[in-house]
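Chemist: Submitted below is the structure of interest, expressed as structure tokens.
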Amino acid sequence: MQEIIECIIKNLVEDKASVSVKEFTENSELKYEIKVNEKDMGRVIGKKGKIAQSIRTVMKAIAAKENKKVKLEFID
């Protein structure tokens, strides 16, 4: 799933080299911390958080198919 997140994020940003996705496990839940360049944060979040919410929705659907829970956190 980490590769899927990286692929989605890298297609949104200009500075692809600055994209960092770290995976953690918390209480049987997968947690992903996503870091991008400050200039690209607006592209990832979107107006009123719509793009970020769409990414979360896609990832939750993929996780549900594998009987897992997932949480995405965008780090400044």
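Chain labels A, B, ... are given in the sequence in which chains occur in the structure tokens; within each chain residues are numbered consecutively from 1, and ligands are likewise numbered from 1 in the order shown.
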Do a neighbour search on stretch 42-47 of chain A at 12 Å with only C-alpha atoms, toss out local chain neighbours closer than 3 positions, and write the hits as a PDB file with C-alpha atoms, in the first residue's frame.
Modeler:
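Output saved as part.pdb:
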```
ATOM      1  CA  ILE A   5       0.373   6.176  -1.801  1.00  0.00           C
ATOM      2  CA  GLU A   6       3.769   7.207  -3.182  1.00  0.00           C
ATOM      3  CA  ILE A   8      -0.563   8.993  -6.100  1.00  0.00           C
ATOM      4  CA  ILE A   9       1.385  11.705  -4.266  1.00  0.00           C
ATOM      5  CA  LYS A  10       4.255  11.824  -6.774  1.00  0.00           C
ATOM      6  CA  ASN A  11       1.761  12.404  -9.593  1.00  0.00           C
ATOM      7  CA  LEU A  12       0.371  15.437  -7.751  1.00  0.00           C
ATOM      8  CA  VAL A  13       3.583  17.263  -6.822  1.00  0.00           C
ATOM      9  CA  GLU A  14       6.297  19.080  -8.773  1.00  0.00           C
ATOM     10  CA  ASP A  15       9.230  18.084  -6.513  1.00  0.00           C
ATOM     11  CA  VAL A  19       8.096  12.905  -1.267  1.00  0.00           C
ATOM     12  CA  ILE A  34       3.345  11.693   4.245  1.00  0.00           C
ATOM     13  CA  LYS A  35       5.845  14.515   3.824  1.00  0.00           C
ATOM     14  CA  VAL A  36       6.189  16.711   0.746  1.00  0.00           C
ATOM     15  CA  ASN A  37       7.886  20.002  -0.081  1.00  0.00           C
ATOM     16  CA  GLU A  38       6.136  23.029   1.484  1.00  0.00           C
ATOM     17  CA  LYS A  39       5.364  24.406  -1.974  1.00  0.00           C
ATOM     18  CA  LYS A  50     -10.855  17.578  -0.988  1.00  0.00           C
ATOM     19  CA  ILE A  51      -7.813  15.935  -2.586  1.00  0.00           C
ATOM     20  CA  ALA A  52      -6.500  14.690   0.762  1.00  0.00           C
ATOM     21  CA  GLN A  53      -9.932  13.285   1.592  1.00  0.00           C
ATOM     22  CA  SER A  54     -10.092  11.557  -1.795  1.00  0.00           C
ATOM     23  CA  ILE A  55      -6.698   9.938  -1.192  1.00  0.00           C
ATOM     24  CA  ARG A  56      -7.882   8.763   2.238  1.00  0.00           C
ATOM     25  CA  LEU A  72      -3.020   8.910   6.559  1.00  0.00           C
ATOM     26  CA  GLU A  73      -1.325  11.903   8.129  1.00  0.00           C
ATOM     27  CA  PHE A  74       0.101  14.762   6.116  1.00  0.00           C
ATOM     28  CA  ILE A  75       3.141  16.297   7.863  1.00  0.00           C
ATOM     29  CA  ASP A  76       4.321  19.876   7.296  1.00  0.00           C
TER      30      ASP A  76
END
```
Chemist: Please indicate the distance in Å from atom CA of A:Met41 to atom CA of A:Lys16, rounded to one decimal place.
Modeler: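 These atoms are spaced 12.1 Å apart.
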Chemist: Any idea what the distance is between atom CA of A:Lys60 and atom CA of A:Val21?
Modeler: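 That distance, rounded to one decimal, is 16.3 Å.
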Chemist: Tell me, as a list of chain:residue names, which residues lie within 12 Å of A:Asn67, counting only C-alpha atoms; anything in the same chain fewer than 6 positions away does not count.
Modeler: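 In the requested format, the answer is A:Ser28, A:Glu29, A:Leu30, A:Lys60, A:Ala61.
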Chemist: Output C-alpha atoms for every residue in the selection just made, as a PDB file, in the first residue's frame.
Modeler:
```
ATOM      1  CA  SER A  28      -3.577  -3.151  14.446  1.00  0.00           C
ATOM      2  CA  GLU A  29      -3.951  -0.049  12.276  1.00  0.00           C
ATOM      3  CA  LEU A  30      -1.548   1.005   9.522  1.00  0.00           C
ATOM      4  CA  LYS A  60      -9.468   3.023   3.064  1.00  0.00           C
ATOM      5  CA  ALA A  61     -11.176   1.098   0.261  1.00  0.00           C
TER       6      ALA A  61
END
```
Chemist: Could you tell me how far atom CA of A:Ala64 lies from atom CA of A:Lys22, in Å and to one decimal?
Modeler: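 It comes out at 19.9 Å.
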Chemist: Looking only at helix (DSSP H, G or I) from DSSP on the backbone, list the matching residues of chain A as a ChimeraX atom specification.
Modeler: /A:2-10,16-18,38-45,47-65
